[in-house]
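Working notes for the structure below.
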Amino acid sequence: MLKALKIMSISLQNELEYRFNYFISIIGSFIPFIVNLLVWYAIDKNYNNNMGYTFSQIVNYYFWILIIGNVLNSTNNTADLIRTGEINSYLIKPFNYTLYSFLIDLPKRLFFIIVAILLIIVSQVWLSEYITINMSFGICLAFVFSLAIGYVMNFLLIFILNEFAFSLTQISLFMGAYNVLLNVTSGKLMPLDMFPKALRKVLEILPFQYCGYFQTKIVTNSFDDIKDILTKFLFGIIWLLLLSMFSTFYWKQSVKKYSAYGG
């Protein structure tokens with residue numbers, strides 16, 4: 001436990017040196033948010049909106065998925081370490097590298113959580129007509145738990161992609177494709193319930209919905225029954241176990257075959 005706290009403390013100190021970058025990235029994330037709202041405003045004013053969302057609901061949805069997406073976002077440089085050979089210095093140390101990467105990344109979320117709280121407070125002052133917060137204690141607990149599941153899910157997905165660097169020279173193309181896929185399948189581009197029914201059922205089975213959409217549906221009170229939330233939690237935990245087992249298996253197999261150069 002003390003080692004874990006020390007690792008997180010060092011990571012937090014490193015991030016404090018680059019806090020300006022985080023503020024820039026947060027400001028930049030508002031650009032697609034504003035563009036989405038302008039598009040939906042035009043649709044609402046000039047066309048028949050049969051998507052099942054009013055403009056106020058759309059503003060509320062995109063605000064929350066923006067906040068949640070920034071909180072759940074995870075970064076990892078394992079692929080660069082593998083490519084340059086710097087991973088050697090970690091492989092010879094007596095600790096679990098996956099856990100180490102998780103502990104390094106976790107403190108970075110503190111900045112986004114603090115900013116998210118500030119944005120939520122501001123929204124209740126300036127955008128209370130659109131941004132609503134109306135959660136019972138049980139729903140609030142479910143939301144916090146869903147954030148934990150979503151963050152670990154997102155971390156595992158990114159980490160597995162980085163692990164592919166053991167087999168591939170460059171994974172930048174895969175990272176780009178993954179980011180596009182995630183924007184669509186996690187509900188960042190548009191709510192999943194706006195997709196055709198058959199496609200929506202497929203998307204709601206995949207793990208990507210836990211990277212924003214599921215949490216947003218909870219906080220906006222869009223679930224009809226608590227049983228639906230519990231069912232989603234069950235599938236989320238199953239996905240976490242599957243991804244964790246795959247990541248562990250792939251890491252062990254790749255390390256056995258890994259020929260280290262450089263570093």
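We name chains A, B, ... following the order of the structure tokens; residues begin at 1 in each chain, and ligands are numbered from 1 as shown.
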Original post:
Residues at most 12 Å from Ser167 in chain A, counting only C-alpha atoms, excluding those fewer than 4 positions away in the same chain, as an MDAnalysis selection string?
Top reply: chainID A and resid 79 82:83 160:163 171 250:251 253:255 257:259
Within 9 Å of range 136-155 of chain A, which residues of range 30-80 of chain A come that close, and what is the closest atom pair and distance in Å for each? Count only C-alpha atoms and give it as a Markdown table.
```
| residue | atom | partner | partner_atom | distance |
| --- | --- | --- | --- | --- |
| A:Ile68 | CA | A:Leu147 | CA | 7.9 |
| A:Val71 | CA | A:Tyr151 | CA | 7.9 |
| A:Leu72 | CA | A:Tyr151 | CA | 4.7 |
| A:Asn73 | CA | A:Asn154 | CA | 6.8 |
| A:Ser74 | CA | A:Phe155 | CA | 5.5 |
| A:Thr75 | CA | A:Phe155 | CA | 7.6 |
| A:Asn76 | CA | A:Phe155 | CA | 8.2 |
```
**OP:** Tell me which protein, DNA and RNA residues are within 9 Å of Ser244 in chain A, counting only C-alpha atoms, leaving out same-chain ones fewer than 5 positions away, and put them as a list in words.
**Re:**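 Residues meeting the cut-off are Leu156, Trp239 and Phe249 of chain A.
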Subject >> Which residue of A:Val184, A:Ala177, A:Leu119, A:Ala165 approaches Thr84 in chain A most closely, using only C-alpha atoms >> reply: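 Nearest to Thr84 in chain A: A:Ala165.
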**OP:** Just list the residues in range 32-170 of chain A DSSP gives helix (DSSP H, G or I) on the backbone, as a count of residues only.
**Re:** 102
Original post:
With only C-alpha atoms as the basis for distance, which of A:Ser128, A:Asn134, A:Thr169, A:Asn70 is at the shortest distance from Val219 in chain A?
Top reply: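 For Val219 in chain A, the nearest of the given residues is A:Asn134.
Closest to Asp105 in chain A among A:Lys93, A:Ser222, A:Phe159, A:Thr54 is A:Phe159, based on only C-alpha atoms.
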Original post:
Which residue out of A:Ile43, A:Ile158, A:Gly187, A:Val125 has the minimum interatomic distance to Met175 in chain A when only C-alpha atoms are used?
Top reply: A:Ile158
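You can rank A:Ile238, A:Val59, A:Met194, A:Leu37 by their closest distance to Leu127 in chain A using only C-alpha atoms, and at the top of that list sits A:Val59.
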Subject >> For CA of Arg200 in chain A and CA of Phe164 in chain A, the interatomic separation in Å (one decimal) >> reply: 28.6 Å
Original post:
For Tyr53 in chain A, which residue among A:Pro207, A:Gly212, A:Pro191, A:Gly85 is the nearest when counting only C-alpha atoms?
Top reply: A:Pro191
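Excluding Pro32 in chain A itself and any same-chain residue fewer than 5 positions from it, the protein and nucleic acid residues within 10 Å of it, counting only C-alpha atoms, are Leu37, Leu38, Tyr62, Leu66, Lys188 and Leu189 of chain A.
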Original post:
What does the distance between CA of Ile133 in chain A and CA of Leu182 in chain A come to in Å, to one decimal place?
Top reply: 25.9 Å
Original post:
How many Å lie between CA of Ile218 in chain A and CA of Trp64 in chain A, rounded to one decimal?
Top reply: 10.2 Å
